[in-house]
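query27.txt (compact mmCIF, C-alpha atoms)
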```txt
# COMPACT_ATOMS: atom_id res chain seq x y z
CA MET A 1349 19.22 0.22 -9.35
CA LYS A 1350 18.05 -1.29 -6.06
CA GLN A 1351 14.31 -1.87 -5.85
CA SER A 1352 14.06 0.16 -2.62
CA THR A 1353 15.80 3.16 -4.26
CA LEU A 1354 13.62 2.90 -7.34
CA ARG A 1355 10.49 2.79 -5.20
CA LYS A 1356 11.52 5.96 -3.35
CA LEU A 1357 12.06 7.72 -6.67
CA ILE A 1358 8.65 6.55 -7.88
CA THR A 1359 7.03 7.82 -4.67
CA LEU A 1360 8.75 11.19 -5.09
CA ALA A 1361 7.61 11.32 -8.72
CA MET A 1362 4.01 10.54 -7.73
CA LEU A 1363 4.21 13.22 -5.02
CA ALA A 1364 5.49 15.75 -7.57
CA VAL A 1365 2.65 14.88 -9.96
CA LEU A 1366 0.13 15.31 -7.13
CA CYS A 1367 1.55 18.73 -6.22
CA ILE A 1368 1.48 19.93 -9.83
CA PHE A 1369 -2.07 18.66 -10.42
CA PHE A 1370 -3.60 19.98 -7.19
CA THR A 1371 -1.77 23.34 -7.48
CA ALA A 1372 -3.16 23.77 -10.99
CA LYS A 1373 -6.64 23.21 -9.58
CA ASN A 1374 -6.14 25.26 -6.41
CA ALA A 1375 -3.10 27.50 -5.88
CA VAL A 1376 -3.60 27.37 -2.10
CA PHE A 1377 -2.31 23.79 -2.14
CA MET A 1378 1.36 24.91 -2.29
CA SER A 1379 1.01 27.67 0.30
CA ALA A 1380 3.27 27.46 3.36
CA GLY A 1381 0.29 26.97 5.66
CA ASN A 1382 -1.07 24.03 3.67
CA LEU A 1383 2.34 22.36 3.33
CA ILE A 1384 2.81 22.56 7.11
CA ALA A 1385 -0.70 21.13 7.56
CA ILE A 1386 0.19 18.24 5.24
CA LEU A 1387 3.28 17.45 7.32
CA ARG A 1388 1.25 17.61 10.52
CA ASP A 1389 -1.45 15.34 9.10
CA ALA A 1390 1.18 12.87 7.90
CA SER A 1391 2.91 12.69 11.26
CA VAL A 1392 0.86 10.17 13.28
CA ALA A 1393 0.54 7.77 10.34
CA GLY A 1394 4.25 8.22 9.68
CA ILE A 1395 5.23 7.55 13.31
CA VAL A 1396 3.16 4.37 13.45
CA GLY A 1397 4.34 3.51 9.94
CA VAL A 1398 7.95 3.47 11.13
CA GLY A 1399 7.00 0.75 13.60
CA LEU A 1400 5.01 -1.15 10.99
CA THR A 1401 8.02 -0.99 8.69
CA CYS A 1402 9.83 -3.26 11.17
CA VAL A 1403 6.95 -5.76 11.13
CA ILE A 1404 6.49 -5.70 7.35
CA LEU A 1405 10.23 -6.25 6.87
CA THR A 1406 9.75 -9.62 8.59
CA ALA A 1407 6.91 -10.39 6.12
CA GLY A 1408 4.35 -9.69 8.85
CA ILE A 1409 1.44 -7.30 9.35
CA ASP A 1410 -0.21 -5.60 12.33
CA LEU A 1411 -3.90 -4.69 12.11
CA SER A 1412 -4.27 -3.58 15.72
CA THR A 1413 -2.53 -0.17 15.72
CA GLY A 1414 -5.77 1.84 15.70
CA SER A 1415 -7.09 -0.08 18.70
CA VAL A 1416 -3.77 0.40 20.51
CA ILE A 1417 -4.05 4.17 19.99
CA ALA A 1418 -7.57 4.15 21.47
CA LEU A 1419 -6.51 2.00 24.45
CA VAL A 1420 -3.53 4.24 25.15
CA GLY A 1421 -5.73 7.34 25.01
CA MET A 1422 -8.27 5.87 27.41
CA THR A 1423 -5.53 4.66 29.76
CA MET A 1424 -4.21 8.22 30.01
CA ALA A 1425 -7.77 9.47 30.57
CA ASN A 1426 -8.12 7.13 33.57
CA VAL A 1427 -4.85 8.36 35.06
CA TYR A 1428 -5.90 11.96 34.50
CA GLU A 1429 -9.38 11.44 35.96
CA TYR A 1430 -8.66 9.25 38.98
CA THR A 1431 -5.14 10.13 40.14
CA LEU A 1432 -3.05 13.17 40.99
CA TRP A 1433 0.00 11.83 39.18
CA PRO A 1434 1.96 14.29 37.01
CA ILE A 1435 1.44 14.40 33.25
CA TRP A 1436 4.75 12.72 32.45
CA VAL A 1437 3.66 9.65 34.47
CA MET A 1438 0.38 9.56 32.54
CA ILE A 1439 2.25 9.64 29.23
CA LEU A 1440 4.77 7.03 30.41
CA LEU A 1441 1.98 4.65 31.38
CA GLY A 1442 0.39 5.16 27.97
CA LEU A 1443 3.68 4.25 26.28
CA LEU A 1444 4.03 1.16 28.49
CA VAL A 1445 0.51 0.04 27.53
CA GLY A 1446 1.43 0.39 23.85
CA ALA A 1447 4.63 -1.63 24.30
CA LEU A 1448 2.67 -4.30 26.22
CA CYS A 1449 0.13 -4.52 23.39
CA GLY A 1450 3.01 -5.02 20.96
CA LEU A 1451 4.47 -7.72 23.21
CA ILE A 1452 1.12 -9.52 23.25
CA ASN A 1453 0.94 -9.34 19.45
CA GLY A 1454 4.47 -10.68 19.18
CA PHE A 1455 3.74 -13.54 21.57
CA VAL A 1456 0.57 -14.50 19.71
CA VAL A 1457 2.32 -14.47 16.33
CA ALA A 1458 5.84 -15.71 17.14
CA ARG A 1459 5.30 -18.04 20.08
CA LEU A 1460 1.81 -19.37 19.39
CA HIS A 1461 2.51 -19.42 15.63
CA ILE A 1462 -0.82 -17.87 14.71
CA PRO A 1463 -0.75 -16.12 11.30
CA GLU A 1464 -0.21 -12.36 11.67
CA PHE A 1465 -3.43 -11.44 9.92
CA ILE A 1466 -5.58 -13.61 12.19
CA GLY A 1467 -3.61 -12.93 15.36
CA THR A 1468 -3.57 -9.14 15.09
CA LEU A 1469 -7.17 -9.11 13.86
CA ALA A 1470 -8.10 -10.86 17.12
CA THR A 1471 -6.03 -8.53 19.30
CA MET A 1472 -7.49 -5.55 17.42
CA GLY A 1473 -10.90 -6.57 18.75
CA ILE A 1474 -9.52 -7.33 22.22
CA PHE A 1475 -7.76 -3.97 22.60
CA ARG A 1476 -10.80 -2.08 21.32
CA SER A 1477 -13.06 -3.95 23.76
CA LEU A 1478 -10.70 -3.17 26.64
CA THR A 1479 -10.99 0.49 25.67
CA TYR A 1480 -14.75 0.22 26.26
CA VAL A 1481 -14.18 -1.63 29.54
CA ILE A 1482 -11.94 1.07 31.04
CA ALA A 1483 -13.73 4.01 29.40
CA VAL A 1484 -14.16 6.97 31.73
CA ASP A 1485 -16.68 8.23 29.22
CA GLU A 1486 -17.28 7.48 25.54
CA SER A 1487 -15.81 10.91 24.80
CA TYR A 1488 -13.53 12.31 27.48
CA GLN A 1489 -12.05 15.80 27.43
CA MET A 1490 -8.38 16.24 28.40
CA ARG A 1491 -7.74 19.97 28.32
CA THR A 1492 -4.90 20.36 30.80
CA ALA A 1493 -2.50 22.85 29.22
CA GLU A 1494 0.59 20.85 30.18
CA PHE A 1495 -0.63 17.92 28.05
CA VAL A 1496 -2.42 19.76 25.25
CA LYS A 1497 0.76 21.68 24.34
CA TRP A 1498 2.19 18.48 22.84
CA GLY A 1499 -0.52 18.57 20.19
CA GLY A 1500 0.27 22.17 19.27
CA LYS A 1501 3.08 24.33 17.93
CA ALA A 1502 6.67 24.05 19.04
CA ALA A 1503 7.71 27.27 17.28
CA SER A 1504 6.57 29.88 14.75
CA PHE A 1505 8.60 32.14 12.49
CA GLN A 1506 8.30 34.31 9.39
CA LEU A 1507 9.58 32.98 6.06
CA GLY A 1508 9.13 34.96 2.87
CA GLY A 1509 6.43 37.07 4.45
CA GLN A 1510 4.45 33.98 5.52
CA ASN A 1511 4.01 32.61 9.02
CA VAL A 1512 5.47 29.10 9.33
CA ASP A 1513 4.51 26.86 12.26
CA ILE A 1514 6.52 23.90 13.52
CA TYR A 1515 4.48 21.31 15.43
CA TRP A 1516 5.79 18.96 18.11
CA VAL A 1517 4.35 15.97 16.27
CA VAL A 1518 6.30 16.87 13.11
CA ILE A 1519 9.52 17.09 15.11
CA ALA A 1520 8.71 13.70 16.65
CA LEU A 1521 8.09 12.23 13.18
CA LEU A 1522 11.47 13.40 11.87
CA VAL A 1523 13.37 12.24 14.97
CA ILE A 1524 11.65 8.83 15.04
CA THR A 1525 12.22 8.35 11.29
CA LEU A 1526 15.93 9.08 11.74
CA LEU A 1527 16.22 6.76 14.74
CA GLY A 1528 14.27 4.06 12.89
CA GLN A 1529 16.55 4.35 9.86
CA LEU A 1530 19.63 4.06 12.07
CA LEU A 1531 18.10 1.03 13.78
CA LEU A 1532 17.49 -0.72 10.47
CA LYS A 1533 20.81 0.14 8.83
CA LYS A 1534 23.31 0.27 11.69
CA THR A 1535 22.25 -2.29 14.31
CA ARG A 1536 22.17 -6.05 14.63
CA LEU A 1537 18.39 -5.97 15.18
CA GLY A 1538 17.91 -4.15 11.88
CA THR A 1539 20.05 -6.68 10.04
CA ASN A 1540 18.06 -9.48 11.67
CA LEU A 1541 14.76 -7.93 10.59
CA TYR A 1542 15.86 -7.89 6.95
CA ALA A 1543 17.24 -11.41 7.22
CA VAL A 1544 14.07 -12.86 8.76
CA GLY A 1545 11.92 -11.26 6.07
CA SER A 1546 14.18 -12.28 3.18
CA ASN A 1547 14.64 -15.93 4.17
CA PRO A 1548 13.48 -17.00 7.66
CA LYS A 1549 14.90 -20.52 7.33
CA ALA A 1550 18.34 -19.24 6.33
CA ALA A 1551 18.19 -16.63 9.12
CA GLN A 1552 17.44 -19.34 11.68
CA LEU A 1553 20.27 -21.57 10.41
CA SER A 1554 22.67 -18.62 10.66
CA GLY A 1555 21.95 -18.33 14.40
CA ILE A 1556 19.32 -15.57 14.42
CA ASN A 1557 16.54 -16.02 16.97
CA THR A 1558 13.72 -15.42 14.52
CA GLU A 1559 10.96 -15.55 17.15
CA ASN A 1560 12.56 -12.88 19.37
CA THR A 1561 13.27 -10.74 16.31
CA ARG A 1562 9.61 -10.81 15.28
CA ILE A 1563 8.50 -10.08 18.85
CA MET A 1564 10.79 -7.03 18.97
CA ALA A 1565 9.28 -5.79 15.70
CA PHE A 1566 5.78 -5.93 17.22
CA VAL A 1567 6.95 -4.27 20.46
CA ILE A 1568 8.43 -1.38 18.48
CA THR A 1569 5.18 -1.06 16.54
CA GLY A 1570 3.11 -1.05 19.74
CA LEU A 1571 5.37 1.55 21.35
CA LEU A 1572 5.22 3.86 18.32
CA ALA A 1573 1.44 3.39 18.10
CA ALA A 1574 1.37 4.64 21.70
CA VAL A 1575 3.52 7.65 20.73
CA GLY A 1576 1.06 8.37 17.95
CA GLY A 1577 -1.80 7.98 20.43
CA VAL A 1578 -0.24 10.53 22.80
CA PHE A 1579 0.08 13.15 20.06
CA GLN A 1580 -3.36 12.36 18.61
CA THR A 1581 -5.03 12.72 22.00
CA ALA A 1582 -3.13 15.91 22.78
CA ARG A 1583 -4.09 17.44 19.44
CA LEU A 1584 -7.79 16.58 19.80
CA GLN A 1585 -7.72 17.53 23.51
CA SER A 1586 -9.88 14.47 24.10
CA THR A 1587 -10.10 10.74 23.69
CA GLN A 1588 -12.98 8.43 22.84
CA VAL A 1589 -13.68 4.74 22.52
CA LEU A 1590 -13.77 4.97 18.71
CA LEU A 1591 -10.53 6.94 18.45
CA ALA A 1592 -8.52 5.85 15.36
CA ASP A 1593 -11.26 3.35 14.46
CA SER A 1594 -10.36 3.41 10.75
CA PHE A 1595 -6.71 4.27 11.23
CA ASN A 1596 -5.13 0.84 10.52
CA PHE A 1597 -5.07 1.40 6.76
CA ASP A 1598 -2.98 4.60 6.78
CA PRO A 1599 0.35 3.44 8.29
CA ILE A 1600 0.24 0.20 6.27
CA ALA A 1601 -0.39 2.20 3.10
CA ALA A 1602 2.44 4.61 3.99
CA ALA A 1603 4.89 1.74 4.39
CA VAL A 1604 3.80 -0.04 1.20
CA ILE A 1605 3.71 3.09 -0.96
CA GLY A 1606 7.09 4.07 0.49
CA GLY A 1607 8.77 0.87 -0.66
CA CYS A 1608 8.09 -1.91 1.87
CA ALA A 1609 7.47 -5.25 0.16
CA LEU A 1610 4.63 -7.18 1.79
CA ASP A 1611 6.57 -10.42 1.41
CA GLY A 1612 9.37 -8.97 3.54
CA GLY A 1613 13.01 -8.01 3.25
CA GLU A 1614 12.56 -4.70 1.38
CA GLY A 1615 11.94 -1.16 2.58
CA ASP A 1616 13.10 1.40 5.15
CA CYS A 1617 11.86 4.28 7.30
CA ILE A 1618 12.75 7.05 4.84
CA GLY A 1619 10.48 5.44 2.27
CA THR A 1620 7.69 5.15 4.84
CA LEU A 1621 8.05 8.87 5.63
CA LEU A 1622 7.67 9.68 1.92
CA GLY A 1623 4.64 7.39 1.75
CA ALA A 1624 2.98 9.12 4.70
CA ILE A 1625 3.57 12.55 3.16
CA PHE A 1626 2.19 11.32 -0.17
CA MET A 1627 -1.04 10.13 1.48
CA ALA A 1628 -1.45 13.33 3.47
CA ALA A 1629 -0.93 15.36 0.28
CA LEU A 1630 -3.52 13.21 -1.49
CA ASN A 1631 -6.04 13.74 1.32
CA SER A 1632 -5.39 17.49 1.35
CA GLY A 1633 -5.76 17.78 -2.42
CA ILE A 1634 -9.03 15.86 -2.45
CA MET A 1635 -10.41 18.15 0.26
CA LYS A 1636 -9.23 21.26 -1.62
CA LEU A 1637 -11.09 20.05 -4.71
CA GLY A 1638 -14.24 19.58 -2.64
CA LEU A 1639 -14.51 15.87 -3.45
CA SER A 1640 -16.01 13.33 -1.08
CA SER A 1641 -13.56 11.95 1.49
CA ALA A 1642 -14.73 8.49 0.39
CA TRP A 1643 -12.50 8.89 -2.65
CA GLN A 1644 -9.41 8.98 -0.42
CA ASN A 1645 -9.49 5.27 0.40
CA VAL A 1646 -10.56 4.37 -3.14
CA ILE A 1647 -7.53 6.11 -4.63
CA LYS A 1648 -5.19 4.81 -1.91
CA GLY A 1649 -6.42 1.27 -2.50
CA ILE A 1650 -5.85 1.55 -6.24
CA ILE A 1651 -2.35 2.95 -5.68
CA ILE A 1652 -1.47 0.10 -3.28
CA ILE A 1653 -2.67 -2.49 -5.83
CA LEU A 1654 -0.56 -0.84 -8.53
CA VAL A 1655 2.47 -0.68 -6.24
CA VAL A 1656 2.18 -4.38 -5.31
CA LEU A 1657 1.78 -5.30 -8.99
CA PHE A 1658 4.86 -3.24 -9.81
CA ASP A 1659 6.83 -5.05 -7.08
CA ALA A 1660 5.86 -8.43 -8.51
CA TRP A 1661 6.73 -7.35 -12.06
CA TYR A 1662 10.06 -5.81 -11.03
CA ARG A 1663 11.10 -8.93 -9.12
CA ARG A 1664 10.30 -11.11 -12.16
CA PHE A 1665 12.13 -8.69 -14.46
CA MET A 1666 15.27 -8.64 -12.29
CA SER A 1667 15.18 -12.42 -11.85
CA THR A 1668 14.88 -12.98 -15.61
CA ARG A 1669 17.65 -10.46 -16.24
CA ALA A 1670 19.94 -12.20 -13.74
CA MET A 1671 19.26 -15.60 -15.32
CA LYS A 1672 20.04 -14.26 -18.81
CA ARG A 1673 23.25 -12.68 -17.57
CA LYS A 1674 24.25 -15.93 -15.86
CA ALA A 1675 23.50 -17.88 -19.05
CA GLN A 1676 25.60 -15.46 -21.12
CA GLN A 1677 28.49 -15.77 -18.67
CA SER A 1678 28.25 -19.57 -18.79
CA GLY A 1679 28.27 -19.48 -22.60
CA THR A 1680 31.31 -17.23 -22.62
CA GLU A 1681 33.19 -19.55 -20.26
CA VAL A 1682 32.35 -22.59 -22.42
CA ALA A 1683 33.52 -20.81 -25.55
```

Would you mind writing the file's structure down as structure tokens?
Amino acid sequence: MKQSTLRKLITLAMLAVLCIFFTAKNAVFMSAGNLIAILRDASVAGIVGVGLTCVILTAGIDLSTGSVIALVGMTMANVYEYTLWPIWVMILLGLLVGALCGLINGFVVARLHIPEFIGTLATMGIFRSLTYVIAVDESYQMRTAEFVKWGGKAASFQLGGQNVDIYWVVIALLVITLLGQLLLKKTRLGTNLYAVGSNPKAAQLSGINTENTRIMAFVITGLLAAVGGVFQTARLQSTQVLLADSFNFDPIAAAVIGGCALDGGEGDCIGTLLGAIFMAALNSGIMKLGLSSAWQNVIKGIIIILVVLFDAWYRRFMSTRAMKRKAQQSGTEVA
């Protein structure tokens, strides 16, 4: 079985265990309303996680997504406060700012050859500082109905006597996950991302422009961070300089739990979606049990460590198995 397939199955199994455990403690956990809330809470991390999947596939990392979300939110606040431009222009400018942030990250990492951790840690601080520089106010309200609707419901209907709500951000998550999966599996860029992460030297010798491929991965991440920022701001009906201050962990955790290998070349967007849902379910269950929210990151951290250890063990196991099989075949041929 492929490692990526096995990891998806493990994530689904962990999600099933969570649902059984939390439902036994609180039956409300499996109610239609709570399940919809879990999907909604998973959406922004999942959207950004799809972008981060592209970066992690190249054996990279991006620590600046939370700061990008804040900068995008404050950019839209400036447009809303100081211009008479329509809402769609405000949103478009926010998306362009996110893509530009991704381009800067890609340039710093791929062209200047600064390690991803250091480079994106630096830009994380730069983007957050720029948010302070352009701040209309430390907490700015954006209550125009035309914009706020994007943070709300797209539709509501009755199912089994229960009211079920569909949110715009959930629709966006599903569409972006599908498009991301098609990008990775059906396009040249997707193939290049896997190749660069698996063996950058071999990818370069085969004619792949590894620097441009890595830059595109960061641009996609910046753009999807901006999409997440638009929905986050619309849902909160406001933006602030500390928006998404501790957000960086969630999309990385979603990608890793969903099957992305931190050393590159493994993972996809479907797995990241499952990882985001798993984390949202974990957060919801902890809240339903009345435990401190501090336990969320403790448990997530432990799970990530276990997942990375499993990856390392599984790679060694498969490598040893392949060597034994090769030795057996060689012995058979000699005989």

Can you tell me, as a list in words, what residues are no more than 7 Å from Ala1380 in chain A when counting only C-alpha atoms, ignoring any on the same chain fewer than 4 positions away?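 Surrounding residues, per the criterion: Ile1384, Gln1510 and Val1512 of chain A.
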
Proximity of range 1562-1596 of chain A to range 1398-1417 of chain A: per-residue shortest pair, 6 Å limit, all atoms listed in the file, as a Markdown table:
```
| residue | atom | partner | partner_atom | distance |
| --- | --- | --- | --- | --- |
| A:Ala1565 | CA | A:Val1403 | CA | 5.1 |
| A:Ile1568 | CA | A:Gly1399 | CA | 5.5 |
| A:Thr1569 | CA | A:Gly1399 | CA | 3.9 |
| A:Leu1572 | CA | A:Gly1399 | CA | 5.9 |
| A:Ala1573 | CA | A:Thr1413 | CA | 5.8 |
| A:Ala1574 | CA | A:Ile1417 | CA | 5.7 |
| A:Gly1577 | CA | A:Ile1417 | CA | 4.4 |
| A:Ala1592 | CA | A:Gly1414 | CA | 4.9 |
| A:Asp1593 | CA | A:Gly1414 | CA | 5.8 |
| A:Phe1595 | CA | A:Gly1414 | CA | 5.2 |
| A:Asn1596 | CA | A:Gly1414 | CA | 5.3 |
```

Show me a table, sorted first by chain and then by increasing residue number, of the residues of range 1353-1445 of chain A having an atom at most 12 Å from range 1657-1677 of chain A, each with its shortest atom pair and the distance in Å to one decimal, counting only C-alpha atoms and written as a Markdown table.
```
| residue | atom | partner | partner_atom | distance |
| --- | --- | --- | --- | --- |
| A:Leu1354 | CA | A:Tyr1662 | CA | 10.1 |
| A:Arg1355 | CA | A:Asp1659 | CA | 8.9 |
| A:Ile1358 | CA | A:Phe1658 | CA | 10.7 |
```

Just-selected residues, C-alpha atoms written as a PDB file, in the coordinates of the input:
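And here's selection-v7.pdb as it stands now:
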```
ATOM      1  CA  LEU A1354      13.620   2.900  -7.340  1.00  0.00           C
ATOM      2  CA  ARG A1355      10.490   2.790  -5.200  1.00  0.00           C
ATOM      3  CA  ILE A1358       8.650   6.550  -7.880  1.00  0.00           C
TER       4      ILE A1358
END
```

Just the number, please: distance in Å from CA of Asp1389 in chain A to CA of Val1646 in chain A, one decimal.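 Here the two named atoms are 18.8 Å from each other.
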
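Nearest-residue note for Val1427 in chain A: choosing from A:Leu1440, A:Leu1366, A:Leu1387, A:Ile1563, the minimum distance belongs to A:Leu1440, counting only C-alpha atoms.
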
Distance CA of Arg1583 in chain A-CA of Val1496 in chain A, one decimal place?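 Computed distance, CA of Arg1583 in chain A to CA of Val1496 in chain A, equals 6.5 Å.
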
May I have the residues within 8 Å of Leu1621 in chain A as a compact mmCIF listing (two decimals) with C-alpha atoms, keeping the file's coordinate frame, using all atoms listed in the file and disregarding those fewer than 5 positions away in the same chain?
```
# COMPACT_ATOMS: atom_id res chain seq x y z
CA GLY A 1394 4.25 8.22 9.68
CA GLY A 1397 4.34 3.51 9.94
CA VAL A 1398 7.95 3.47 11.13
CA THR A 1525 12.22 8.35 11.29
CA ALA A 1602 2.44 4.61 3.99
CA ALA A 1603 4.89 1.74 4.39
CA GLY A 1606 7.09 4.07 0.49
```

Using all atoms listed in the file: which of A:Val1396, A:Met1362, A:Ile1435, A:Cys1608 has the shortest distance to Glu1494 in chain A: A:Ile1435

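Distances from A:Leu1363, A:Ile1466, A:Val1604, A:Leu1591 to Tyr1488 in chain A were compared using all atoms listed in the file, and the smallest one belongs to A:Leu1591.
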
Using all atoms listed in the file, which of A:Ile1618, A:Ala1361, A:Val1656, A:Ile1474 sits nearest Gly1528 in chain A? A:Ile1618

Choose the residue, out of A:Leu1571, A:Ala1364, A:Ala1543, A:Leu1584, that has the smallest atom-to-atom separation from Val1420 in chain A; count all atoms listed in the file.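 Closest residue, counting all atoms listed in the file: A:Leu1571.
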
Report the distance between CA of Gly1473 in chain A and CA of Ile1600 in chain A in Å, rounded to one decimal place. 18.0 Å

Near Gly1421 in chain A, counting all atoms listed in the file, which residues have an atom at most 7 Å away, once you skip same-chain residues fewer than 6 positions from it, shown as number ranges by chain? A: 1577-1578, 1581, 1587

Would you mind exporting the chosen residues as a short mmCIF file (atom, residue, chain, number, x, y, z; two decimals), in the coordinates of the input, restricted to C-alpha atoms?
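And here's result03.cif as it stands now:
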```cif
data_model
loop_
_atom_site.label_atom_id
_atom_site.label_comp_id
_atom_site.auth_asym_id
_atom_site.auth_seq_id
_atom_site.Cartn_x
_atom_site.Cartn_y
_atom_site.Cartn_z
CA GLY A 1577 -1.80 7.98 20.43
CA VAL A 1578 -0.24 10.53 22.80
CA THR A 1581 -5.03 12.72 22.00
CA THR A 1587 -10.10 10.74 23.69
#
```

Extract, using all atoms listed in the file, all DNA, RNA and protein residues at most 10 Å from Gly1499 in chain A, discarding same-chain residues fewer than 4 positions from it, and format them as a JSON list (two decimals) with C-alpha atoms, keeping the file's coordinate frame.
```json
[["chain", "number", "residue", "atom", "x", "y", "z"],
["A", 1388, "ARG", "CA", 1.25, 17.61, 10.52],
["A", 1495, "PHE", "CA", -0.63, 17.92, 28.05],
["A", 1515, "TYR", "CA", 4.48, 21.31, 15.43],
["A", 1516, "TRP", "CA", 5.79, 18.96, 18.11],
["A", 1517, "VAL", "CA", 4.35, 15.97, 16.27],
["A", 1518, "VAL", "CA", 6.30, 16.87, 13.11],
["A", 1578, "VAL", "CA", -0.24, 10.53, 22.80],
["A", 1579, "PHE", "CA", 0.08, 13.15, 20.06],
["A", 1580, "GLN", "CA", -3.36, 12.36, 18.61],
["A", 1581, "THR", "CA", -5.03, 12.72, 22.00],
["A", 1582, "ALA", "CA", -3.13, 15.91, 22.78],
["A", 1583, "ARG", "CA", -4.09, 17.44, 19.44],
["A", 1584, "LEU", "CA", -7.79, 16.58, 19.80],
["A", 1585, "GLN", "CA", -7.72, 17.53, 23.51]]
```

Could you check the closest approach to Ile1519 in chain A for each of A:Met1627, A:Val1365, A:Phe1475, A:Ala1390 and tell me which residue wins, using all atoms listed in the file?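 Smallest distance to Ile1519 in chain A is found for A:Ala1390.
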
Please identify all polymer residues within 10 Å of range 1632-1634 of chain A, counting all atoms listed in the file, omitting same-chain residues fewer than 3 positions from it, and present them as a list of chain:residue names. A:Leu1366, A:Cys1367, A:Phe1369, A:Phe1370, A:Thr1371, A:Lys1373, A:Asn1374, A:Val1376, A:Phe1377, A:Asn1382, A:Leu1383, A:Ala1385, A:Ile1386, A:Asp1389, A:Phe1626, A:Met1627, A:Ala1628, A:Ala1629, A:Leu1637, A:Gly1638, A:Leu1639, A:Ser1640, A:Ser1641, A:Ala1642, A:Trp1643, A:Gln1644

Okay, now the selection with C-alpha atoms, as a PDB file, keeping the file's coordinate frame?
```
ATOM      1  CA  LEU A1366       0.130  15.310  -7.130  1.00  0.00           C
ATOM      2  CA  CYS A1367       1.550  18.730  -6.220  1.00  0.00           C
ATOM      3  CA  PHE A1369      -2.070  18.660 -10.420  1.00  0.00           C
ATOM      4  CA  PHE A1370      -3.600  19.980  -7.190  1.00  0.00           C
ATOM      5  CA  THR A1371      -1.770  23.340  -7.480  1.00  0.00           C
ATOM      6  CA  LYS A1373      -6.640  23.210  -9.580  1.00  0.00           C
ATOM      7  CA  ASN A1374      -6.140  25.260  -6.410  1.00  0.00           C
ATOM      8  CA  VAL A1376      -3.600  27.370  -2.100  1.00  0.00           C
ATOM      9  CA  PHE A1377      -2.310  23.790  -2.140  1.00  0.00           C
ATOM     10  CA  ASN A1382      -1.070  24.030   3.670  1.00  0.00           C
ATOM     11  CA  LEU A1383       2.340  22.360   3.330  1.00  0.00           C
ATOM     12  CA  ALA A1385      -0.700  21.130   7.560  1.00  0.00           C
ATOM     13  CA  ILE A1386       0.190  18.240   5.240  1.00  0.00           C
ATOM     14  CA  ASP A1389      -1.450  15.340   9.100  1.00  0.00           C
ATOM     15  CA  PHE A1626       2.190  11.320  -0.170  1.00  0.00           C
ATOM     16  CA  MET A1627      -1.040  10.130   1.480  1.00  0.00           C
ATOM     17  CA  ALA A1628      -1.450  13.330   3.470  1.00  0.00           C
ATOM     18  CA  ALA A1629      -0.930  15.360   0.280  1.00  0.00           C
ATOM     19  CA  LEU A1637     -11.090  20.050  -4.710  1.00  0.00           C
ATOM     20  CA  GLY A1638     -14.240  19.580  -2.640  1.00  0.00           C
ATOM     21  CA  LEU A1639     -14.510  15.870  -3.450  1.00  0.00           C
ATOM     22  CA  SER A1640     -16.010  13.330  -1.080  1.00  0.00           C
ATOM     23  CA  SER A1641     -13.560  11.950   1.490  1.00  0.00           C
ATOM     24  CA  ALA A1642     -14.730   8.490   0.390  1.00  0.00           C
ATOM     25  CA  TRP A1643     -12.500   8.890  -2.650  1.00  0.00           C
ATOM     26  CA  GLN A1644      -9.410   8.980  -0.420  1.00  0.00           C
TER      27      GLN A1644
END
```
